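Taking it in order: structure first as structure tokens, then the write-up.
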Amino acid sequence: MESIEAGGFFSFTLAILLLFVGKGALSRYAILREYSIPEAVIGGFACAATVAVIYFVLGIQITFELGARDALLLYFFAAMGLNSDIKSLLSGGKPLIILIALAAVYIMMQNAVGMGVASAFGMNPVAGLMSGSVSLIGGVGTTLAWAPTFVDELGVTNAMELGIASNTIGLIFACVIGGPIAKFLINKHQLQGNPDQRLDVGSSHNAPNETVDSYSLLFAWLRLNIALMLGYGINELLVMADIALPLFVSCLMAGILLGNRTYKVFPKQYVEGGDRGLSLISDICLGMFIVMALMDLKIWELAGLLGYLSVVMTLQIGMSILFSLLVVFRLMGKDYEASVICSGFGGITLGSTATAIANMTAVTKQNGAAHRAFILVPLVCGFFVDIINAIAINFFIGL
């Protein structure tokens with residue numbers, strides 16, 4: 001098997017090109033806009049599919065150096081924090097608690113499905129956790145962290161392959177179910193969006209092109225870099241306190257702290273249009289991150305586990321859709337904001353926090369702003385879910 005590794009500069013440039021491919025497809029095909037499929041998903045999956053064809057037909061494995069990907073995620077979450085409104089955050093107490101409870105219940109259900117299917121296939125039941133919250137809600141980072149424990153201590157020799165394969169399938173479907181979930185709810189309940197309000201990320205498909213000058217972008221960049229520096233500081237303090245949280249959570253917290261002080265910290269240097277610049281930068285960073293995540297998918301790794309994966313992932317995907325439609329929507333208020341939250345919930349239960357935000361961004365570009373959703377979902381997905389998931393994994397291993 002011949003192997004080719006694309007360098008970081010080429011990979012980054014290709015990711016930009018793939019975003020344009022996705023944007024072009026959205027412009028050309030109305031059905032993609034109608035179902036709120038993110039442009040990053042279109043371009044990234046086109047790359048993953050092409051790489052898979054080259055692997056199977058020509059026997060060449062292409063890999064990409066994606067060192068910039070994690071930095072893009074940090075910039076995105078810092079921007080989310082800077083754009084947040086602390087008053088709205090504090091006023092969202094009850095919905096926040098409800099969404100945390102729903103996430104906790106779903107993690108238990110997800111692991112029960114994984115262990116049940118593993119038992120039905122004659123596998124060690126604990127192996128099913130790698131097709132449960134370890135790889136799906138946890139994502140690839142949690143998969144890589146837990147796999148050695150499953151191999152060395154629990155005797156699941158193919159734990160890494162199970163986790164990566166489940167995460168690959170989950171990530172693909174996480175990116176495509178969110179938009180249809182929201183569309184179904186919006187149409188069924190005749191919900192109205194907020195097309196006249198500024199979006200939290202990106203710009204509306206129907207909005208006229210807005211002019212942002214260089215100093216607006218530069219000011220936004222300055223705020224982001226300061227937020228990232230503070231985020232690294234917060235992360236170091238958490239590490240010293242023996243609290244393990246993803247770095248992007250620290251950057252989100254730093255953004256929230258700075259975002260509600262900006263006008264006082266920079267009263268004279270504030271540049272009109274800086275918030276708009278921040279929104280555009282965050283949109284680019286999220287799109288590039290999703291593209292790079294999908295570029296890195298190795299579809300051929302699914303082949304050896306096809307029978308088990310086809311059953312367990314069909315059940316996991318179906319449960320995610322039904323739980324979002326029947327439970328999350330009802331308990332989150334049965335309004336437009338709830339439909340956007342459902343699109344994000346579908347993203348996090350199968351993919352990652354980034355796919356959840358990408359789903360919500362695509363929905364709001366088509367239907368209008370949903371500020372509460374962009375406050376609640378990142379907090380629950382990026383902060384509380386990781387803590388609950390770690391507790392749940394240990395609980396099921398103990399069984």
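We name chains A, B, ... following the order of the structure tokens; residues begin at 1 in each chain, and ligands are numbered from 1 as shown.
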Test item: residues at most 8 Å from A:Gly139, only C-alpha atoms, excluding those fewer than 3 positions along its chain, as a PyMOL selection string = chain A and resi 134-136+142-143+167+351-352
Cut-off 12 Å: closest stretch 81-128 of chain A/stretch 146-151 of chain A atom pairs per residue, using only C-alpha atoms, as CSV:
residue,atom,partner,partner_atom,distance
A:Asn124,CA,A:Phe150,CA,10.8
A:Pro125,CA,A:Phe150,CA,11.6
A:Val126,CA,A:Phe150,CA,8.3
A:Ala127,CA,A:Phe150,CA,7.7
A:Gly128,CA,A:Phe150,CA,10.8
Generate the output file for the selected residues, C-alpha atoms, as a PDB file, in the first residue's frame.
ATOM      1  CA  ASN A 124     -18.001  -8.521  25.432  1.00  0.00           C
ATOM      2  CA  PRO A 125     -20.839  -6.155  26.479  1.00  0.00           C
ATOM      3  CA  VAL A 126     -18.370  -3.509  27.623  1.00  0.00           C
ATOM      4  CA  ALA A 127     -17.105  -3.295  24.028  1.00  0.00           C
ATOM      5  CA  GLY A 128     -20.464  -1.710  23.185  1.00  0.00           C
TER       6      GLY A 128
END
task = With a distance cut-off of 6 Å and only C-alpha atoms, select the neighbouring residues of stretch 241-258 of chain A, excluding the residue or stretch itself and same-chain residues fewer than 3 positions from it, and output the selection as a PyMOL selection string.
result = chain A and resi 74+77-78+81-82+227-228+230-231+234-235+238+261-262+382
Suppose we keep N, CA and C atoms; can you now write the selection as a PDB file, in the first residue's frame?
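Result written to result_39.pdb:
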ATOM      1  N   LEU A  74     -10.404  26.450  18.745  1.00  0.00           N
ATOM      2  CA  LEU A  74     -10.225  27.371  19.869  1.00  0.00           C
ATOM      3  C   LEU A  74     -10.698  28.770  19.495  1.00  0.00           C
ATOM      4  N   PHE A  77     -14.614  28.873  19.495  1.00  0.00           N
ATOM      5  CA  PHE A  77     -15.290  28.908  20.796  1.00  0.00           C
ATOM      6  C   PHE A  77     -14.979  30.189  21.558  1.00  0.00           C
ATOM      7  N   ALA A  78     -13.797  30.755  21.356  1.00  0.00           N
ATOM      8  CA  ALA A  78     -13.523  32.063  21.942  1.00  0.00           C
ATOM      9  C   ALA A  78     -14.477  33.105  21.369  1.00  0.00           C
ATOM     10  N   GLY A  81     -17.915  32.793  22.902  1.00  0.00           N
ATOM     11  CA  GLY A  81     -17.965  33.423  24.216  1.00  0.00           C
ATOM     12  C   GLY A  81     -18.031  34.932  24.124  1.00  0.00           C
ATOM     13  N   LEU A  82     -17.228  35.522  23.228  1.00  0.00           N
ATOM     14  CA  LEU A  82     -17.211  36.977  23.065  1.00  0.00           C
ATOM     15  C   LEU A  82     -18.550  37.511  22.571  1.00  0.00           C
ATOM     16  N   ALA A 227      -8.630  36.659  24.145  1.00  0.00           N
ATOM     17  CA  ALA A 227      -9.472  35.610  24.739  1.00  0.00           C
ATOM     18  C   ALA A 227      -8.729  34.277  24.786  1.00  0.00           C
ATOM     19  N   LEU A 228      -7.982  33.959  23.717  1.00  0.00           N
ATOM     20  CA  LEU A 228      -7.232  32.708  23.696  1.00  0.00           C
ATOM     21  C   LEU A 228      -6.131  32.703  24.758  1.00  0.00           C
ATOM     22  N   LEU A 230      -6.166  34.341  27.587  1.00  0.00           N
ATOM     23  CA  LEU A 230      -6.846  34.148  28.864  1.00  0.00           C
ATOM     24  C   LEU A 230      -7.321  32.710  29.009  1.00  0.00           C
ATOM     25  N   GLY A 231      -7.791  32.126  27.902  1.00  0.00           N
ATOM     26  CA  GLY A 231      -8.246  30.738  27.924  1.00  0.00           C
ATOM     27  C   GLY A 231      -7.137  29.774  28.305  1.00  0.00           C
ATOM     28  N   ILE A 234      -6.654  30.125  32.029  1.00  0.00           N
ATOM     29  CA  ILE A 234      -7.705  29.418  32.777  1.00  0.00           C
ATOM     30  C   ILE A 234      -7.453  27.914  32.755  1.00  0.00           C
ATOM     31  N   ASN A 235      -7.052  27.405  31.587  1.00  0.00           N
ATOM     32  CA  ASN A 235      -6.793  25.977  31.465  1.00  0.00           C
ATOM     33  C   ASN A 235      -5.652  25.539  32.379  1.00  0.00           C
ATOM     34  N   LEU A 238      -6.971  25.275  35.861  1.00  0.00           N
ATOM     35  CA  LEU A 238      -7.788  24.068  36.016  1.00  0.00           C
ATOM     36  C   LEU A 238      -6.910  22.828  36.157  1.00  0.00           C
ATOM     37  N   ARG A 261     -17.210  42.606  28.921  1.00  0.00           N
ATOM     38  CA  ARG A 261     -16.414  43.697  29.466  1.00  0.00           C
ATOM     39  C   ARG A 261     -15.742  44.513  28.361  1.00  0.00           C
ATOM     40  N   THR A 262     -15.932  44.119  27.107  1.00  0.00           N
ATOM     41  CA  THR A 262     -15.179  44.715  26.007  1.00  0.00           C
ATOM     42  C   THR A 262     -15.336  46.223  25.936  1.00  0.00           C
ATOM     43  N   GLY A 382     -20.109  21.510  25.588  1.00  0.00           N
ATOM     44  CA  GLY A 382     -18.684  21.709  25.799  1.00  0.00           C
ATOM     45  C   GLY A 382     -18.248  21.594  27.243  1.00  0.00           C
TER      46      GLY A 382
END
key: Secondary structure check, helix (DSSP H, G or I) residues of stretch 160-379 of chain A, as a PyMOL selection string   = chain A and resi 160-188+214-240+247-259+262-265+274-295+299-331+336-350+353-367+371-379
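Atom CA of A:Tyr35 lies 5.1 Å from atom CA of A:Pro180.
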message = To one decimal place in Å, what is the distance between atom CA of A:Leu305 and atom CA of A:Asn158?
response = 10.0 Å
task = Determine which residues of stretch 45-94 of chain A DSSP labels as strand (DSSP E) from the backbone of this structure, then write them out as JSON, numbers by chain.
result = {"A": [60, 61, 62, 63, 64]}
inquiry  = I'd like the neighbourhood of A:Val176 as a ChimeraX atom specification, where a residue qualifies if any of its atoms comes within 8 Å (using only C-alpha atoms), though same-chain residues fewer than 5 positions away should be ignored.
reply    = /A:37-38,41,359
Report as a Markdown table: every residue of stretch 273-368 of chain A with an atom at most 12 Å from stretch 1-9 of chain A, its closest pair of atoms, and their distance in Å to one decimal, counting only C-alpha atoms, with rows sorted by chain and ascending residue number.
| residue | atom | partner | partner_atom | distance |
| --- | --- | --- | --- | --- |
| A:Met292 | CA | A:Gly8 | CA | 11.0 |
| A:Met295 | CA | A:Ala6 | CA | 11.4 |
| A:Asp296 | CA | A:Ala6 | CA | 11.3 |
Written selection (C-alpha atoms) as a PDB file, in the first residue's frame:
ATOM      1  CA  MET A 292     -10.674  19.225   8.136  1.00  0.00           C
ATOM      2  CA  MET A 295     -11.069  15.203   5.324  1.00  0.00           C
ATOM      3  CA  ASP A 296      -9.435  12.996   7.942  1.00  0.00           C
TER       4      ASP A 296
END
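With only C-alpha atoms as the basis for measurement, A:Ile172 is the residue among A:Leu129, A:Ile172, A:Ile97, A:Ile62 that approaches A:Ile42 most closely.
Nearest residue to A:Ile375, choosing from A:Val328, A:Met130, A:Ile387, A:Ile357 and counting only C-alpha atoms: A:Ile357.
Nearest to A:Met108 of all the residues A:Ala373, A:Gly344, A:Leu309, A:Thr349 is A:Thr349, based on only C-alpha atoms.
Residue nearest A:Thr157, chosen from A:Thr13, A:Met123, A:Ile169, A:Met229 and counting only C-alpha atoms: A:Met123.
Proximity of A:Gly22, A:Gly155, A:Gly43, A:Pro95 to A:Arg330, computed with only C-alpha atoms, is greatest for A:Pro95.
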